[in-house]
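**Student:** You'll find entry36.cif just under this line, and it carries mmCIF, C-alpha atoms.
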```cif
data_model
#
loop_
_atom_site.group_PDB
_atom_site.id
_atom_site.type_symbol
_atom_site.label_atom_id
_atom_site.label_comp_id
_atom_site.auth_asym_id
_atom_site.auth_seq_id
_atom_site.Cartn_x
_atom_site.Cartn_y
_atom_site.Cartn_z
ATOM 1 C CA ASN A 78 -2.610 -43.047 -26.029
ATOM 2 C CA ASP A 79 -3.986 -46.597 -25.690
ATOM 3 C CA LEU A 80 -1.088 -47.450 -23.407
ATOM 4 C CA PHE A 81 -1.774 -44.418 -21.224
ATOM 5 C CA MET A 82 -5.436 -45.414 -20.945
ATOM 6 C CA LEU A 83 -4.508 -48.975 -20.095
ATOM 7 C CA LEU A 84 -2.332 -47.699 -17.246
ATOM 8 C CA ASN A 85 -5.044 -45.186 -16.263
ATOM 9 C CA VAL A 86 -2.650 -42.251 -16.430
ATOM 10 C CA GLN A 87 -4.106 -40.433 -19.449
ATOM 11 C CA ASN A 88 -5.219 -37.471 -17.294
ATOM 12 C CA HIS A 89 -1.660 -36.971 -16.064
ATOM 13 C CA ILE A 90 0.026 -36.799 -19.460
ATOM 14 C CA HIS A 91 1.116 -33.317 -20.499
ATOM 15 C CA TYR A 92 2.850 -32.174 -23.675
ATOM 16 C CA GLN A 93 5.060 -29.155 -23.007
ATOM 17 C CA THR A 94 8.165 -27.333 -24.161
ATOM 18 C CA PHE A 95 11.335 -27.490 -22.080
ATOM 19 C CA ASN A 96 10.812 -23.899 -20.918
ATOM 20 C CA ASN A 97 7.300 -24.675 -19.710
ATOM 21 C CA ILE A 98 8.546 -27.754 -17.858
ATOM 22 C CA PHE A 99 11.257 -25.719 -16.132
ATOM 23 C CA GLU A 100 8.707 -23.080 -15.127
ATOM 24 C CA GLN A 101 6.415 -25.757 -13.718
ATOM 25 C CA VAL A 102 9.256 -27.207 -11.631
ATOM 26 C CA ILE A 103 10.500 -23.946 -10.112
ATOM 27 C CA ASN A 104 6.957 -22.746 -9.373
ATOM 28 C CA ASP A 105 5.808 -26.044 -7.921
ATOM 29 C CA GLY A 106 5.529 -24.570 -4.413
ATOM 30 C CA GLY A 107 4.117 -21.221 -5.535
ATOM 31 C CA ASP A 108 5.018 -18.265 -7.738
ATOM 32 C CA ILE A 109 8.763 -18.095 -7.098
ATOM 33 C CA ARG A 110 9.191 -14.698 -8.768
ATOM 34 C CA GLU A 111 6.399 -13.008 -6.829
ATOM 35 C CA THR A 112 7.651 -14.521 -3.568
ATOM 36 C CA THR A 113 11.194 -13.351 -4.301
ATOM 37 C CA LYS A 114 10.011 -9.841 -5.136
ATOM 38 C CA GLN A 115 8.011 -9.562 -1.911
ATOM 39 C CA ILE A 116 10.928 -10.773 0.204
ATOM 40 C CA VAL A 117 13.450 -8.404 -1.398
ATOM 41 C CA LEU A 118 11.167 -5.368 -1.185
ATOM 42 C CA ASP A 119 10.144 -5.991 2.438
ATOM 43 C CA LYS A 120 12.595 -3.845 4.414
ATOM 44 C CA ASP A 121 10.863 -4.751 7.692
ATOM 45 C CA ARG A 122 11.074 -8.507 7.198
ATOM 46 C CA ASP A 123 11.894 -10.485 10.344
ATOM 47 C CA ASP A 124 14.216 -13.458 9.736
ATOM 48 C CA ASN A 125 14.414 -14.449 13.406
ATOM 49 C CA LYS A 126 12.383 -17.649 13.175
ATOM 50 C CA SER A 127 12.549 -20.012 16.103
ATOM 51 C CA ASP A 128 14.024 -23.480 15.655
ATOM 52 C CA ASP A 129 10.561 -24.966 16.252
ATOM 53 C CA ASP A 130 9.061 -22.875 13.434
ATOM 54 C CA SER A 131 11.838 -23.891 11.058
ATOM 55 C CA LYS A 132 11.425 -27.573 11.891
ATOM 56 C CA GLU A 133 7.674 -27.318 11.366
ATOM 57 C CA ASP A 134 8.161 -25.696 7.949
ATOM 58 C CA GLU A 135 10.630 -28.423 6.997
ATOM 59 C CA LYS A 136 8.200 -31.123 8.122
ATOM 60 C CA GLU A 137 5.367 -29.624 6.044
ATOM 61 C CA GLU A 138 7.603 -29.461 2.982
ATOM 62 C CA GLN A 139 8.648 -33.096 3.394
ATOM 63 C CA ASN A 140 5.006 -34.167 3.662
ATOM 64 C CA ARG A 141 4.176 -32.223 0.523
ATOM 65 C CA LEU A 142 7.002 -33.890 -1.398
ATOM 66 C CA PHE A 143 5.972 -37.375 -0.250
ATOM 67 C CA GLN A 144 2.448 -36.777 -1.559
ATOM 68 C CA LYS A 145 3.615 -35.750 -5.033
ATOM 69 C CA ARG A 146 3.216 -38.128 -7.946
ATOM 70 C CA GLN A 147 6.388 -39.514 -9.463
ATOM 71 C CA LYS A 148 7.152 -38.191 -12.931
ATOM 72 C CA ILE A 149 8.726 -39.546 -16.110
ATOM 73 C CA LEU A 150 10.119 -37.354 -18.875
ATOM 74 C CA PHE A 151 9.767 -38.492 -22.490
ATOM 75 C CA ILE A 152 11.607 -36.453 -25.128
ATOM 76 C CA ASP A 153 10.206 -36.287 -28.635
ATOM 77 C CA GLU A 154 12.514 -35.381 -31.556
ATOM 78 C CA VAL A 155 15.600 -36.127 -29.496
ATOM 79 C CA ASP A 156 17.829 -34.996 -32.382
ATOM 80 C CA LYS A 157 16.486 -31.466 -31.847
ATOM 81 C CA PHE A 158 17.249 -31.742 -28.147
ATOM 82 C CA PHE A 159 20.894 -32.537 -28.905
ATOM 83 C CA SER A 160 21.232 -29.580 -31.276
ATOM 84 C CA THR A 161 23.278 -26.528 -30.298
ATOM 85 C CA ASP A 162 20.075 -24.595 -29.596
ATOM 86 C CA PHE A 163 19.323 -26.784 -26.564
ATOM 87 C CA PHE A 164 22.015 -29.222 -25.503
ATOM 88 C CA GLY A 165 24.398 -27.734 -22.932
ATOM 89 C CA LYS A 166 22.362 -24.554 -22.540
ATOM 90 C CA GLN A 167 21.251 -23.230 -19.165
ATOM 91 C CA TYR A 168 17.788 -22.156 -18.095
ATOM 92 C CA THR A 169 18.263 -19.111 -15.870
ATOM 93 C CA PRO A 170 15.129 -17.992 -14.001
ATOM 94 C CA SER A 171 14.942 -14.270 -13.389
ATOM 95 C CA CYS A 172 12.861 -11.823 -11.407
ATOM 96 C CA ILE A 173 12.081 -8.169 -12.034
ATOM 97 C CA ILE A 174 12.376 -6.066 -8.861
ATOM 98 C CA PRO A 175 10.744 -2.625 -9.279
ATOM 99 C CA SER A 176 13.358 -0.041 -8.324
ATOM 100 C CA VAL A 177 13.531 3.651 -9.214
ATOM 101 C CA GLU A 178 17.039 3.648 -7.755
ATOM 102 C CA MET A 179 18.211 0.954 -10.174
ATOM 103 C CA LYS A 180 16.595 2.856 -13.034
ATOM 104 C CA LYS A 181 18.639 5.938 -12.117
ATOM 105 C CA LEU A 182 21.817 3.846 -11.983
ATOM 106 C CA ILE A 183 21.162 2.326 -15.427
ATOM 107 C CA GLU A 184 20.583 5.819 -16.816
ATOM 108 C CA PHE A 185 23.856 6.950 -15.205
ATOM 109 C CA VAL A 186 25.723 4.062 -16.827
ATOM 110 C CA TRP A 187 24.179 4.823 -20.226
ATOM 111 C CA ASP A 188 25.087 8.534 -19.965
ATOM 112 C CA LYS A 189 28.675 7.599 -19.077
ATOM 113 C CA TYR A 190 28.769 5.227 -22.026
ATOM 114 C CA MET A 191 27.554 7.906 -24.434
ATOM 115 C CA THR A 192 29.894 10.620 -23.131
ATOM 116 C CA ASN A 193 32.840 8.245 -23.603
ATOM 117 C CA ASP A 194 32.240 7.718 -27.345
ATOM 118 C CA SER A 195 30.187 4.542 -26.778
ATOM 119 C CA ASN A 196 33.178 2.751 -25.312
ATOM 120 C CA GLY A 197 31.860 0.084 -22.962
ATOM 121 C CA MET A 198 35.308 -0.571 -21.518
ATOM 122 C CA THR A 199 35.165 2.802 -19.750
ATOM 123 C CA ILE A 200 32.348 1.468 -17.563
ATOM 124 C CA THR A 201 34.012 -0.212 -14.584
ATOM 125 C CA MET A 202 33.031 -1.297 -11.099
ATOM 126 C CA GLN A 203 34.995 1.603 -9.667
ATOM 127 C CA VAL A 204 33.160 4.161 -11.810
ATOM 128 C CA ILE A 205 29.804 2.809 -10.656
ATOM 129 C CA GLU A 206 30.745 2.426 -6.984
ATOM 130 C CA GLU A 207 31.913 6.058 -6.852
ATOM 131 C CA SER A 208 28.604 7.352 -8.222
ATOM 132 C CA ALA A 209 25.892 8.912 -6.084
ATOM 133 C CA GLU A 210 23.338 6.683 -7.833
ATOM 134 C CA TYR A 211 25.076 3.548 -6.561
ATOM 135 C CA LYS A 212 25.053 4.769 -2.957
ATOM 136 C CA VAL A 213 21.353 5.637 -3.172
ATOM 137 C CA LEU A 214 20.657 2.176 -4.598
ATOM 138 C CA LEU A 215 22.380 0.425 -1.693
ATOM 139 C CA ASN A 216 20.455 2.519 0.821
ATOM 140 C CA ALA A 217 17.182 1.484 -0.801
ATOM 141 C CA PHE A 218 17.660 -2.196 0.089
ATOM 142 C CA ASN A 219 18.581 -4.128 3.212
ATOM 143 C CA ALA A 220 22.267 -4.982 3.554
ATOM 144 C CA GLU A 221 21.537 -8.692 3.024
ATOM 145 C CA TRP A 222 20.780 -7.945 -0.656
ATOM 146 C CA HIS A 223 23.905 -5.878 -1.345
ATOM 147 C CA ASP A 224 25.914 -8.869 -2.582
ATOM 148 C CA LEU A 225 23.188 -9.672 -5.120
ATOM 149 C CA LEU A 226 23.047 -6.023 -6.130
ATOM 150 C CA ASN A 227 26.786 -6.058 -6.763
ATOM 151 C CA GLU A 228 26.422 -9.204 -8.866
ATOM 152 C CA SER A 229 23.805 -7.353 -10.901
ATOM 153 C CA ILE A 230 26.225 -4.437 -11.278
ATOM 154 C CA LYS A 231 28.682 -6.884 -12.859
ATOM 155 C CA ASP A 232 25.916 -7.960 -15.253
ATOM 156 C CA ILE A 233 25.294 -4.296 -16.080
ATOM 157 C CA ILE A 234 28.969 -3.821 -16.938
ATOM 158 C CA ASP A 235 28.956 -6.943 -19.089
ATOM 159 C CA GLY A 236 25.700 -5.843 -20.735
ATOM 160 C CA ILE A 237 26.941 -2.375 -21.705
ATOM 161 C CA ARG A 238 30.057 -3.941 -23.234
ATOM 162 C CA THR A 239 28.398 -6.753 -25.203
ATOM 163 C CA PHE A 240 24.848 -5.747 -26.186
ATOM 164 C CA LYS A 241 25.928 -4.973 -29.754
ATOM 165 C CA ASP A 242 27.182 -8.533 -30.238
ATOM 166 C CA ASP A 243 23.647 -9.943 -30.533
ATOM 167 C CA THR A 244 21.615 -10.250 -33.727
ATOM 168 C CA TYR A 245 18.121 -8.802 -33.340
ATOM 169 C CA LYS A 246 15.434 -6.736 -35.037
ATOM 170 C CA ILE A 247 12.562 -4.480 -33.925
ATOM 171 C CA THR A 248 8.987 -5.636 -34.499
ATOM 172 C CA ASN A 249 5.768 -3.643 -34.199
ATOM 173 C CA GLY A 250 7.644 -0.656 -32.830
ATOM 174 C CA ARG A 251 7.772 -2.390 -29.479
ATOM 175 C CA ASP A 252 9.807 -5.550 -29.114
ATOM 176 C CA ILE A 253 13.435 -6.455 -29.674
ATOM 177 C CA CYS A 254 13.423 -9.918 -31.229
ATOM 178 C CA TYR A 255 16.576 -12.028 -31.085
ATOM 179 C CA LYS A 256 17.538 -14.569 -33.691
ATOM 180 C CA PHE A 257 16.807 -18.123 -32.564
ATOM 181 C CA SER A 258 17.404 -20.999 -34.977
ATOM 182 C CA ASP A 259 15.763 -19.914 -38.239
ATOM 183 C CA THR A 260 13.477 -17.268 -36.790
ATOM 184 C CA TYR A 261 13.323 -14.251 -34.453
ATOM 185 C CA SER A 262 11.659 -14.332 -31.038
ATOM 186 C CA SER A 263 10.508 -11.563 -28.695
ATOM 187 C CA LYS A 264 10.420 -14.050 -25.804
ATOM 188 C CA ILE A 265 14.207 -14.100 -25.527
ATOM 189 C CA PHE A 266 15.529 -11.669 -22.919
ATOM 190 C CA TYR A 267 19.218 -11.306 -22.104
ATOM 191 C CA GLY A 268 18.855 -9.111 -19.046
ATOM 192 C CA TYR A 269 20.900 -5.929 -19.131
ATOM 193 C CA ARG A 270 22.186 -6.707 -22.611
ATOM 194 C CA THR A 271 18.595 -6.415 -23.815
ATOM 195 C CA ILE A 272 17.955 -3.341 -21.675
ATOM 196 C CA PHE A 273 20.921 -1.526 -23.228
ATOM 197 C CA ALA A 274 19.836 -2.672 -26.685
ATOM 198 C CA TYR A 275 16.517 -0.915 -26.077
ATOM 199 C CA LEU A 276 18.325 2.251 -24.968
ATOM 200 C CA HIS A 277 20.578 2.049 -28.021
ATOM 201 C CA GLU A 278 17.613 1.759 -30.382
ATOM 202 C CA PHE A 279 15.651 4.488 -28.619
ATOM 203 C CA PHE A 280 18.426 7.091 -28.562
ATOM 204 C CA GLY A 281 19.953 5.976 -31.852
ATOM 205 C CA LYS A 282 17.209 7.454 -34.036
ATOM 206 C CA GLU A 283 14.463 10.032 -33.833
ATOM 207 C CA TYR A 284 11.223 8.493 -32.593
ATOM 208 C CA THR A 285 8.433 8.388 -35.169
ATOM 209 C CA PRO A 286 5.176 6.737 -33.978
ATOM 210 C CA SER A 287 4.328 5.474 -37.461
ATOM 211 C CA ASP A 288 7.732 3.809 -37.927
ATOM 212 C CA PRO A 289 7.592 0.145 -36.738
ATOM 213 C CA SER A 290 11.379 0.054 -36.456
ATOM 214 C CA CYS A 291 11.281 2.687 -33.692
ATOM 215 C CA VAL A 292 11.049 1.595 -30.070
ATOM 216 C CA ILE A 293 8.121 3.012 -28.094
ATOM 217 C CA PRO A 294 9.430 5.193 -25.200
ATOM 218 C CA GLN A 295 7.197 3.481 -22.650
ATOM 219 C CA ASN A 296 8.574 0.113 -23.667
ATOM 220 C CA VAL A 297 12.081 1.337 -22.864
ATOM 221 C CA ASP A 298 11.196 3.013 -19.582
ATOM 222 C CA GLU A 299 9.406 -0.016 -18.112
ATOM 223 C CA ARG A 300 12.533 -2.146 -18.533
ATOM 224 C CA LEU A 301 14.858 0.092 -16.546
ATOM 225 C CA THR A 302 14.771 -1.743 -13.222
ATOM 226 C CA TRP A 303 16.549 -4.419 -11.185
ATOM 227 C CA PHE A 304 16.877 -7.637 -13.152
ATOM 228 C CA LEU A 305 17.629 -10.296 -10.551
ATOM 229 C CA LYS A 306 18.707 -13.786 -11.599
#
```
Would you give me this structure, written as structure tokens?
**Tutor:**
Amino acid sequence: NDLFMLLNVQNHIHYQTFNNIFEQVINDGGDIRETTKQIVLDKDRDDNKSDDDSKEDEKEEQNRLFQKRQKILFIDEVDKFFSTDFFGKQYTPSCIIPSVEMKKLIEFVWDKYMTNDSNGMTITMQVIEESAEYKVLLNAFNAEWHDLLNESIKDIIDGIRTFKDDTYKITNGRDICYKFSDTYSSKIFYGYRTIFAYLHEFFGKEYTPSDPSCVIPQNVDERLTWFLK
């Protein structure tokens, strides 16, 4: 701390976790998730910007970057950083896009899974693409987002096939907590794998409000939407 004061940078020193640092970086120009959600949901968005407008935006961004302070990253407990919990792992930002149409598709996939003796391998791209729910989903979004929707469909297929591979437990009748190092965390979310885990827990046993190992119905329903990463 004496060194920081000597260099007059003590007000610019911040102690944060890796996740918080990543969030700070990707949201440096604004809330990236909220911006993404607004762009995706705006069916009347006009992308026909003039060259002059684009150049002006680029110039403003360059000026903003030039005015930023340079940063240095110090890592404490570097042995922990090089452990298997961190080193080589990816940080994948994600965005929740509210979509009744995606909810209906997820419910369709789950029903197909259950009617096929919980065999995830029966859920294929062809099965989904031939469904009425899939066609309604595509119609709900502009064509420019269809490729991303199809990538999410692949994640759905992977999720329905692999959600049982994870180690987790239910806490407070609300959250699925995944094992992380020597503890369990409710902050870990594996996209559609987690969504199907919630469905599995909800339909796997009769709901009893006083039982903390039961998942609250509302907590399941609010997760059935488009998980964009």
**Student:** Considering all atoms listed in the file, can you say which of A:Leu301, A:Leu225, A:Val117, A:Val186 comes closest to Arg238 of chain A?
**Tutor:**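 Among the listed residues, the smallest separation from Arg238 of chain A belongs to A:Val186.
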**Student:** Which residues, written as a list in words, have at least one atom at most 9 Å from Ala217 of chain A, with all atoms listed in the file counted and residues fewer than 4 positions away on the same chain left out?
**Tutor:** Lys120, Ser176, Glu178, Lys212 and Val213 of chain A
**Student:** Create the file for the chosen residues now, containing C-alpha atoms and written as a short mmCIF file (atom, residue, chain, number, x, y, z; two decimals), in the frame of the given file.
**Tutor:**
```cif
data_model
loop_
_atom_site.label_atom_id
_atom_site.label_comp_id
_atom_site.auth_asym_id
_atom_site.auth_seq_id
_atom_site.Cartn_x
_atom_site.Cartn_y
_atom_site.Cartn_z
CA LYS A 120 12.60 -3.84 4.41
CA SER A 176 13.36 -0.04 -8.32
CA GLU A 178 17.04 3.65 -7.76
CA LYS A 212 25.05 4.77 -2.96
CA VAL A 213 21.35 5.64 -3.17
#
```
**Student:** Counting all atoms listed in the file, which residues have an atom no more than 12 Å from (22.2, 1.0, -0.6) in the file's coordinates? Please list them as a PyMOL selection string.
**Tutor:** chain A and resi 120+176+178-179+182+206+208-227
**Student:** Any chance you could work out the residue set of the PyMOL selection byres ((chain A and resi 199) around 12) here, as a ChimeraX atom specification?
**Tutor:** /A:186-198,200-205,234-235,237-238
**Student:** Step by step, work through what the PyMOL selection byres ((chain A and resi 276) around 10) selects in the shown file, and finish by giving those residues as a PyMOL selection string.
**Tutor:** chain A and resi 183-184+187+271-275+277-281+292+294+297-298+300-301
**Student:** What does the distance between atom CA of Asn249 of chain A and atom CA of Cys291 of chain A come to in Å, to one decimal place?
**Tutor:**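 Going from atom CA of Asn249 of chain A over to atom CA of Cys291 of chain A, I get 8.4 Å.
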**Student:** What is the distance between atom CA of Leu84 of chain A and atom CA of Ile152 of chain A, in Å to one decimal?
**Tutor:**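 The value is 19.6 Å.
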**Student:** May I have the protein, DNA and RNA residues with an atom at most 7 Å from (11.6, -11.8, -29.7), counting all atoms listed in the file in the file's coordinates, returned as a ChimeraX atom specification?
**Tutor:** /A:252-255,261-265
**Student:** Step by step, work through what the PyMOL selection byres ((chain A and resi 173) around 9) selects in the shown file, and finish by giving those residues as a ChimeraX atom specification.
**Tutor:** /A:110,114,171-172,174-175,300,302-306
**Student:** Work out where the centre of an axis-aligned box around every listed atom of segment 83-88 of chain A lies and how long its edges are once 8 Å is added on each side; give both in Å to one decimal as AutoDock Vina command-line options.
**Tutor:**
```
--center_x -3.8 --center_y -43.2 --center_z -18.2 --size_x 18.9 --size_y 27.5 --size_z 19.8
```
**Student:** One number please: atom CA of Ile293 of chain A to atom CA of Lys180 of chain A, in Å, one decimal.
**Tutor:**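 Interatomic distance here is 17.3 Å.
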**Student:** Compare A:Lys246, A:Arg270, A:Lys166, A:Arg251 by their minimum atom-to-atom distance to Ile233 of chain A, counting all atoms listed in the file, and give me the closest one.
**Tutor:**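 Of A:Lys246, A:Arg270, A:Lys166, A:Arg251, the one nearest Ile233 of chain A is A:Arg270, counting all atoms listed in the file.
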**Student:** Between A:Tyr92, A:Tyr269, A:Glu207, A:Asn140, single out the one closest to Ser229 of chain A, counting all atoms listed in the file.
**Tutor:**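 Closest residue, counting all atoms listed in the file: A:Tyr269.
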**Student:** Env of segment 97-101 of chain A: 12 Å cut, atoms = all atoms listed in the file, seq-sep filter 4 positions within chain, self excluded. Answer as JSON, numbers by chain.
**Tutor:** {"A": [91, 92, 93, 105, 106, 107, 108, 109, 110, 148, 149, 150, 151, 152, 167, 168, 169, 170, 171]}
**Student:** May I ask which of the residues A:Phe143, A:Phe158, A:Phe240, A:Phe163 is the closest one to Gly268 of chain A, counting all atoms listed in the file?
**Tutor:**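 Of A:Phe143, A:Phe158, A:Phe240, A:Phe163, the one nearest Gly268 of chain A, counting all atoms listed in the file, is A:Phe240.
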